[in-house]
Amino acid sequence: MKKLVLSLFILSIMLLPQQVKAVENITSLDDVEQPINTISETTETQPIHAKVSFDWLDISQAQRDTNIDYYKKLLFDENSSNIYFSKEQFQTQFAKYFKDKDFKHHYFLTNNRVTEDEDAKYCAFYFKKNTLVMYAIQYKNNPTNAFYYSAYGKLYYTDVMSKEYPNFPYTSMQYDKKGQLKSAIYFASKDLQYMYGPEKEFQGIWYKDKMYDKNGKQTITRSNW
C-alpha cells in the first residue's frame with residue numbers, strides 16, 4: 001500500500017488530537033487503525049528500499065557541510081525531481097485543487113473515520129477529539145500529490161512527491177495555498193531524510209526517531225518513522 005507521508009511542517013503546526021490516533025504520532029495514512037466502511041482492499045507492489053548507512057555522528061564537520069550543500073543543490077538548484085515550483089508555476093499546475101468540489105462527501109467520509117476507499121486515501125485532523133478541522137486526500141490516480149483541506153474544502157497545503165515515490169530515494173516538497181514553499185525533504189531511505197526549510201535552510205537530518213542538526217547534535221524525536 002503506497003504511503004502518504006505527513007510532512008514535519010504539518011506535524012509541527014497541527015498538534016491537534018486525532019480521533020483515531022494522535023496527529024503528532026501519524027507519519028503515514030497506513031499508521032492509523034484499519035479503515036471503517038472501506039469499499040475494497042487493493043494489493044500493491046511493495047516499495048523499493050535503498051540501503052543507506054548512517055554516519056552523521058562519525059564524519060567530520062567538513063563532510064557534514066558537504067552533504068548539506070549537496071542535497072540542497074539537488075533539491076533546489078538542479079531541481080532534479082522537477083517538483084520545485086515558483087508561485088506562478090504552482091498556481092497554474094494545481095489550480096483545479098484549490099477547492100474540493102466534493103468537500104461535503106469527503107467531510108462525511110473523514111469525519112466517520114474512513115481512511116481509504118476505491119478512489120483515495122484519507123486522514124482527518126480533529127480539535128478536542130470531535131471537531132474535524134482539516135482532512136488530507138491522496139488520490140489513487142495521482143499518488144504523488146497529497147492535498148490538505150479545511151472542513152469547508154479550501155486548500156491549505158499540498159505535498160508534492162517526485163516520480164520515484166514510493167520507492168527510495170525520492171523527494172517531497174510542501175507548498176501552502178499561495179504556492180509558497182514550506183518545506184523540502186530528501187528521502188534517502190525510510191530511516192534517513194534531509195530536511196530543508198522555506199528559505200532553503202538546512203533544518204536537520206532524521207535517522208529513525210531522532211533528528212540531528214548540522215553539527216551532529218540531537219534536537220528532537222518523533223514517535224514513528
# chains A, B, ... in the order shown; residues from 1 in each chain; ligands from 1
>>> residues_around(residues="Trp206 of chain A", least_positions_apart="2", cutoff="12 Å", atoms="only C-alpha atoms", output="ChimeraX atom specification")
/A:8,54-56,185-196,202-204,208-214,216-222,224-225
>>> residues_around(residues="Asn142 of chain A", least_positions_apart="2", cutoff="12 Å", atoms="only C-alpha atoms", output="list in words")
Lys2, Leu4, Tyr97, Asp119, Ala120, Lys121, Ile137, Gln138, Tyr139, Lys140, Thr144, Asn145, Ala146, Phe147, Asp159, Val160, Met161, Ser162, Lys163 and Tyr165 of chain A
>>> write_last_selection(atoms="N, CA and C atoms", output="mmCIF file, in the first residue's frame")
data_model
loop_
_atom_site.group_PDB
_atom_site.id
_atom_site.type_symbol
_atom_site.label_atom_id
_atom_site.label_comp_id
_atom_site.auth_asym_id
_atom_site.auth_seq_id
_atom_site.Cartn_x
_atom_site.Cartn_y
_atom_site.Cartn_z
ATOM 1 N N LYS A 2 0.686 2.126 -0.939
ATOM 2 C CA LYS A 2 1.502 3.326 -1.022
ATOM 3 C C LYS A 2 1.170 4.250 0.133
ATOM 4 N N LEU A 4 1.133 7.836 2.371
ATOM 5 C CA LEU A 4 1.085 9.280 2.345
ATOM 6 C C LEU A 4 1.864 9.764 3.547
ATOM 7 N N TYR A 97 -7.202 22.122 -7.821
ATOM 8 C CA TYR A 97 -7.300 21.530 -6.487
ATOM 9 C C TYR A 97 -7.503 22.579 -5.395
ATOM 10 N N ASP A 119 -11.218 5.293 -4.406
ATOM 11 C CA ASP A 119 -10.680 6.461 -5.104
ATOM 12 C C ASP A 119 -9.459 7.082 -4.445
ATOM 13 N N ALA A 120 -9.372 7.004 -3.118
ATOM 14 C CA ALA A 120 -8.338 7.773 -2.429
ATOM 15 C C ALA A 120 -8.065 7.226 -1.042
ATOM 16 N N LYS A 121 -7.009 7.781 -0.434
ATOM 17 C CA LYS A 121 -6.710 7.551 0.973
ATOM 18 C C LYS A 121 -6.919 8.871 1.703
ATOM 19 N N ILE A 137 -6.204 14.305 1.448
ATOM 20 C CA ILE A 137 -6.604 13.358 0.402
ATOM 21 C C ILE A 137 -5.401 13.026 -0.467
ATOM 22 N N GLN A 138 -5.212 11.746 -0.720
ATOM 23 C CA GLN A 138 -4.225 11.274 -1.695
ATOM 24 C C GLN A 138 -4.985 10.409 -2.693
ATOM 25 N N TYR A 139 -5.212 10.961 -3.885
ATOM 26 C CA TYR A 139 -5.971 10.236 -4.896
ATOM 27 C C TYR A 139 -5.139 9.092 -5.469
ATOM 28 N N LYS A 140 -5.777 7.959 -5.684
ATOM 29 C CA LYS A 140 -5.053 6.790 -6.170
ATOM 30 C C LYS A 140 -4.606 6.939 -7.619
ATOM 31 N N THR A 144 1.339 10.860 -6.224
ATOM 32 C CA THR A 144 2.490 11.681 -5.851
ATOM 33 C C THR A 144 2.090 13.045 -5.298
ATOM 34 N N ASN A 145 0.797 13.270 -5.118
ATOM 35 C CA ASN A 145 0.317 14.517 -4.519
ATOM 36 C C ASN A 145 -0.617 14.209 -3.355
ATOM 37 N N ALA A 146 -0.546 15.027 -2.317
ATOM 38 C CA ALA A 146 -1.477 14.939 -1.195
ATOM 39 C C ALA A 146 -1.985 16.342 -0.906
ATOM 40 N N PHE A 147 -3.299 16.465 -0.708
ATOM 41 C CA PHE A 147 -3.926 17.772 -0.547
ATOM 42 C C PHE A 147 -4.583 17.870 0.827
ATOM 43 N N ASP A 159 1.316 18.523 -0.621
ATOM 44 C CA ASP A 159 2.567 17.772 -0.633
ATOM 45 C C ASP A 159 2.786 17.240 -2.044
ATOM 46 N N VAL A 160 3.968 17.489 -2.585
ATOM 47 C CA VAL A 160 4.305 17.023 -3.927
ATOM 48 C C VAL A 160 5.509 16.099 -3.820
ATOM 49 N N MET A 161 5.339 14.846 -4.243
ATOM 50 C CA MET A 161 6.424 13.879 -4.216
ATOM 51 C C MET A 161 6.959 13.652 -5.627
ATOM 52 N N SER A 162 8.229 13.323 -5.721
ATOM 53 C CA SER A 162 8.832 13.068 -7.026
ATOM 54 C C SER A 162 8.323 11.747 -7.595
ATOM 55 N N LYS A 163 8.571 11.538 -8.880
ATOM 56 C CA LYS A 163 8.014 10.381 -9.586
ATOM 57 C C LYS A 163 8.522 9.052 -9.042
ATOM 58 N N TYR A 165 8.535 8.113 -5.964
ATOM 59 C CA TYR A 165 7.678 7.702 -4.856
ATOM 60 C C TYR A 165 6.742 6.568 -5.283
#
>>> residues_around(residues="Tyr157 of chain A", least_positions_apart="5", cutoff="9 Å", atoms="only C-alpha atoms", output="JSON, numbers by chain")
{"A": [10, 146, 147, 148, 149, 174, 175, 176, 177, 178, 179, 182]}
>>> write_last_selection(atoms="N, CA and C atoms", output="PDB file, in the first residue's frame")
ATOM      1  N   ILE A  10       3.589  19.926   8.784  1.00  0.00           N
ATOM      2  CA  ILE A  10       2.220  19.661   9.231  1.00  0.00           C
ATOM      3  C   ILE A  10       2.225  19.144  10.657  1.00  0.00           C
ATOM      4  N   ALA A 146      -0.546  15.027  -2.317  1.00  0.00           N
ATOM      5  CA  ALA A 146      -1.477  14.939  -1.195  1.00  0.00           C
ATOM      6  C   ALA A 146      -1.985  16.342  -0.906  1.00  0.00           C
ATOM      7  N   PHE A 147      -3.299  16.465  -0.708  1.00  0.00           N
ATOM      8  CA  PHE A 147      -3.926  17.772  -0.547  1.00  0.00           C
ATOM      9  C   PHE A 147      -4.583  17.870   0.827  1.00  0.00           C
ATOM     10  N   TYR A 148      -4.303  18.969   1.524  1.00  0.00           N
ATOM     11  CA  TYR A 148      -4.841  19.199   2.863  1.00  0.00           C
ATOM     12  C   TYR A 148      -5.892  20.305   2.781  1.00  0.00           C
ATOM     13  N   TYR A 149      -7.123  19.985   3.186  1.00  0.00           N
ATOM     14  CA  TYR A 149      -8.236  20.922   3.060  1.00  0.00           C
ATOM     15  C   TYR A 149      -8.836  21.273   4.419  1.00  0.00           C
ATOM     16  N   GLN A 174       6.519  20.655   0.210  1.00  0.00           N
ATOM     17  CA  GLN A 174       5.192  21.096   0.612  1.00  0.00           C
ATOM     18  C   GLN A 174       5.028  22.587   0.340  1.00  0.00           C
ATOM     19  N   TYR A 175       3.841  22.934  -0.195  1.00  0.00           N
ATOM     20  CA  TYR A 175       3.512  24.314  -0.528  1.00  0.00           C
ATOM     21  C   TYR A 175       2.231  24.721   0.181  1.00  0.00           C
ATOM     22  N   ASP A 176       2.130  26.012   0.517  1.00  0.00           N
ATOM     23  CA  ASP A 176       0.875  26.489   1.070  1.00  0.00           C
ATOM     24  C   ASP A 176      -0.079  26.836  -0.067  1.00  0.00           C
ATOM     25  N   LYS A 177      -1.251  27.358   0.275  1.00  0.00           N
ATOM     26  CA  LYS A 177      -2.286  27.592  -0.731  1.00  0.00           C
ATOM     27  C   LYS A 177      -1.907  28.664  -1.745  1.00  0.00           C
ATOM     28  N   LYS A 178      -0.900  29.489  -1.409  1.00  0.00           N
ATOM     29  CA  LYS A 178      -0.453  30.527  -2.332  1.00  0.00           C
ATOM     30  C   LYS A 178       0.708  30.070  -3.208  1.00  0.00           C
ATOM     31  N   GLY A 179       1.170  28.838  -2.973  1.00  0.00           N
ATOM     32  CA  GLY A 179       2.287  28.327  -3.746  1.00  0.00           C
ATOM     33  C   GLY A 179       3.635  28.652  -3.143  1.00  0.00           C
ATOM     34  N   LYS A 182       7.043  25.564   1.832  1.00  0.00           N
ATOM     35  CA  LYS A 182       7.090  25.493   3.291  1.00  0.00           C
ATOM     36  C   LYS A 182       8.167  24.532   3.785  1.00  0.00           C
TER      37      LYS A 182
END
>>> atom_distance(atom1="atom CA of Asp100 of chain A", atom2="atom CA of Ser183 of chain A")
23.0 Å
>>> closest_residue(among="A:Ala184, A:Asn112, A:Ile83, A:Asp58", to="Glu164 of chain A", atoms="only C-alpha atoms")
A:Ile83
>>> select_by_dssp(residues="segment 188-218 of chain A", states="strand (DSSP E)", output="VMD selection string")
chain A and resid 192 to 196 202 to 207 210 to 212 218
>>> write_last_selection(atoms="all heavy atoms", output="short mmCIF file (atom, residue, chain, number, x, y, z; two decimals), in the first residue's frame")
data_model
loop_
_atom_site.label_atom_id
_atom_site.label_comp_id
_atom_site.auth_asym_id
_atom_site.auth_seq_id
_atom_site.Cartn_x
_atom_site.Cartn_y
_atom_site.Cartn_z
N LEU A 192 16.15 7.53 6.81
CA LEU A 192 17.06 8.67 6.71
C LEU A 192 16.52 9.75 5.77
O LEU A 192 16.26 9.47 4.60
CB LEU A 192 18.43 8.19 6.21
CG LEU A 192 19.56 9.20 6.14
CD1 LEU A 192 19.94 9.68 7.54
CD2 LEU A 192 20.78 8.59 5.45
N GLN A 193 16.35 10.98 6.31
CA GLN A 193 15.84 12.09 5.50
C GLN A 193 16.59 13.38 5.82
O GLN A 193 16.91 13.65 6.98
CB GLN A 193 14.34 12.32 5.75
CG GLN A 193 13.45 11.15 5.42
CD GLN A 193 13.13 10.30 6.62
OE1 GLN A 193 12.89 10.83 7.70
NE2 GLN A 193 13.14 8.99 6.45
N TYR A 194 16.84 14.17 4.78
CA TYR A 194 17.43 15.50 4.92
C TYR A 194 16.31 16.53 4.81
O TYR A 194 15.56 16.54 3.84
CB TYR A 194 18.47 15.75 3.82
CG TYR A 194 19.76 14.99 3.99
CD1 TYR A 194 19.86 13.65 3.61
CD2 TYR A 194 20.88 15.61 4.54
CE1 TYR A 194 21.05 12.95 3.76
CE2 TYR A 194 22.08 14.91 4.69
CZ TYR A 194 22.15 13.58 4.30
OH TYR A 194 23.33 12.89 4.46
N MET A 195 16.21 17.44 5.81
CA MET A 195 15.13 18.41 5.88
C MET A 195 15.64 19.83 5.61
O MET A 195 16.66 20.25 6.16
CB MET A 195 14.50 18.40 7.28
CG MET A 195 13.88 17.09 7.70
SD MET A 195 12.25 16.83 6.98
CE MET A 195 11.39 18.29 7.55
N TYR A 196 14.88 20.56 4.76
CA TYR A 196 15.21 21.96 4.46
C TYR A 196 13.95 22.81 4.60
O TYR A 196 12.83 22.34 4.35
CB TYR A 196 15.77 22.09 3.04
CG TYR A 196 17.10 21.40 2.87
CD1 TYR A 196 17.16 20.03 2.61
CD2 TYR A 196 18.30 22.09 2.97
CE1 TYR A 196 18.37 19.37 2.47
CE2 TYR A 196 19.52 21.45 2.83
CZ TYR A 196 19.55 20.09 2.58
OH TYR A 196 20.76 19.44 2.45
N PHE A 202 19.00 24.45 5.98
CA PHE A 202 19.04 23.09 6.49
C PHE A 202 18.42 23.06 7.88
O PHE A 202 18.81 23.80 8.77
CB PHE A 202 20.49 22.59 6.55
CG PHE A 202 20.63 21.18 7.06
CD1 PHE A 202 20.19 20.11 6.32
CD2 PHE A 202 21.23 20.94 8.30
CE1 PHE A 202 20.33 18.80 6.78
CE2 PHE A 202 21.37 19.64 8.77
CZ PHE A 202 20.92 18.57 8.01
N GLN A 203 17.43 22.17 8.07
CA GLN A 203 16.75 22.07 9.36
C GLN A 203 17.23 20.88 10.18
O GLN A 203 17.09 20.88 11.40
CB GLN A 203 15.24 21.98 9.14
CG GLN A 203 14.64 23.24 8.54
CD GLN A 203 13.14 23.16 8.39
OE1 GLN A 203 12.59 22.08 8.14
NE2 GLN A 203 12.47 24.28 8.53
N GLY A 204 17.75 19.87 9.51
CA GLY A 204 18.24 18.72 10.24
C GLY A 204 18.17 17.45 9.42
O GLY A 204 17.59 17.42 8.32
N ILE A 205 18.76 16.41 9.95
CA ILE A 205 18.72 15.10 9.31
C ILE A 205 18.02 14.13 10.26
O ILE A 205 18.36 14.03 11.44
CB ILE A 205 20.14 14.59 8.96
CG1 ILE A 205 20.08 13.21 8.31
CG2 ILE A 205 21.06 14.61 10.17
CD1 ILE A 205 21.42 12.73 7.78
N TRP A 206 16.99 13.47 9.75
CA TRP A 206 16.29 12.45 10.53
C TRP A 206 16.98 11.10 10.33
O TRP A 206 17.28 10.71 9.21
CB TRP A 206 14.85 12.29 10.06
CG TRP A 206 13.88 13.30 10.58
CD1 TRP A 206 13.29 14.31 9.87
CD2 TRP A 206 13.35 13.39 11.91
NE1 TRP A 206 12.43 15.02 10.68
CE2 TRP A 206 12.45 14.47 11.94
CE3 TRP A 206 13.56 12.64 13.08
CZ2 TRP A 206 11.75 14.84 13.09
CZ3 TRP A 206 12.87 13.01 14.22
CH2 TRP A 206 11.98 14.09 14.22
N TYR A 207 17.20 10.41 11.44
CA TYR A 207 17.57 8.99 11.35
C TYR A 207 16.66 8.25 12.32
O TYR A 207 16.74 8.42 13.53
CB TYR A 207 19.03 8.74 11.69
CG TYR A 207 19.38 7.27 11.58
CD1 TYR A 207 19.34 6.63 10.34
CD2 TYR A 207 19.72 6.52 12.70
CE1 TYR A 207 19.63 5.28 10.22
CE2 TYR A 207 20.02 5.17 12.59
CZ TYR A 207 19.98 4.56 11.35
OH TYR A 207 20.26 3.21 11.24
N LYS A 210 15.10 10.06 15.55
CA LYS A 210 15.86 11.20 16.07
C LYS A 210 16.29 12.14 14.95
O LYS A 210 16.65 11.70 13.86
CB LYS A 210 17.10 10.71 16.83
CG LYS A 210 16.79 9.88 18.07
CD LYS A 210 18.07 9.42 18.75
CE LYS A 210 17.76 8.64 20.02
NZ LYS A 210 17.01 7.39 19.75
N MET A 211 16.24 13.44 15.25
CA MET A 211 16.76 14.44 14.32
C MET A 211 18.04 15.04 14.87
O MET A 211 18.15 15.30 16.08
CB MET A 211 15.74 15.56 14.06
CG MET A 211 16.30 16.68 13.18
SD MET A 211 15.12 18.01 12.82
CE MET A 211 14.37 17.34 11.33
N TYR A 212 19.01 15.27 13.95
CA TYR A 212 20.29 15.86 14.32
C TYR A 212 20.52 17.13 13.51
O TYR A 212 20.13 17.21 12.34
CB TYR A 212 21.42 14.86 14.06
CG TYR A 212 21.29 13.57 14.82
CD1 TYR A 212 20.56 12.50 14.29
CD2 TYR A 212 21.87 13.40 16.07
CE1 TYR A 212 20.42 11.31 14.99
CE2 TYR A 212 21.74 12.21 16.78
CZ TYR A 212 21.01 11.17 16.23
OH TYR A 212 20.87 9.99 16.93
N GLN A 218 21.76 16.03 18.62
CA GLN A 218 20.36 15.62 18.56
C GLN A 218 19.47 16.75 19.03
O GLN A 218 19.73 17.41 20.03
CB GLN A 218 20.12 14.39 19.44
CG GLN A 218 18.68 13.88 19.38
CD GLN A 218 18.42 12.74 20.33
OE1 GLN A 218 19.30 11.95 20.63
NE2 GLN A 218 17.19 12.66 20.83
#
>>> atom_distance(atom1="atom CA of Thr115 of chain A", atom2="atom CA of Ala95 of chain A")
25.0 Å
>>> select_by_dssp(residues="segment 22-224 of chain A", states="helix (DSSP H, G or I)", output="NGL selection string")
:A and (23-25 or 29-31 or 61-77 or 87-93 or 95-97 or 103-111)
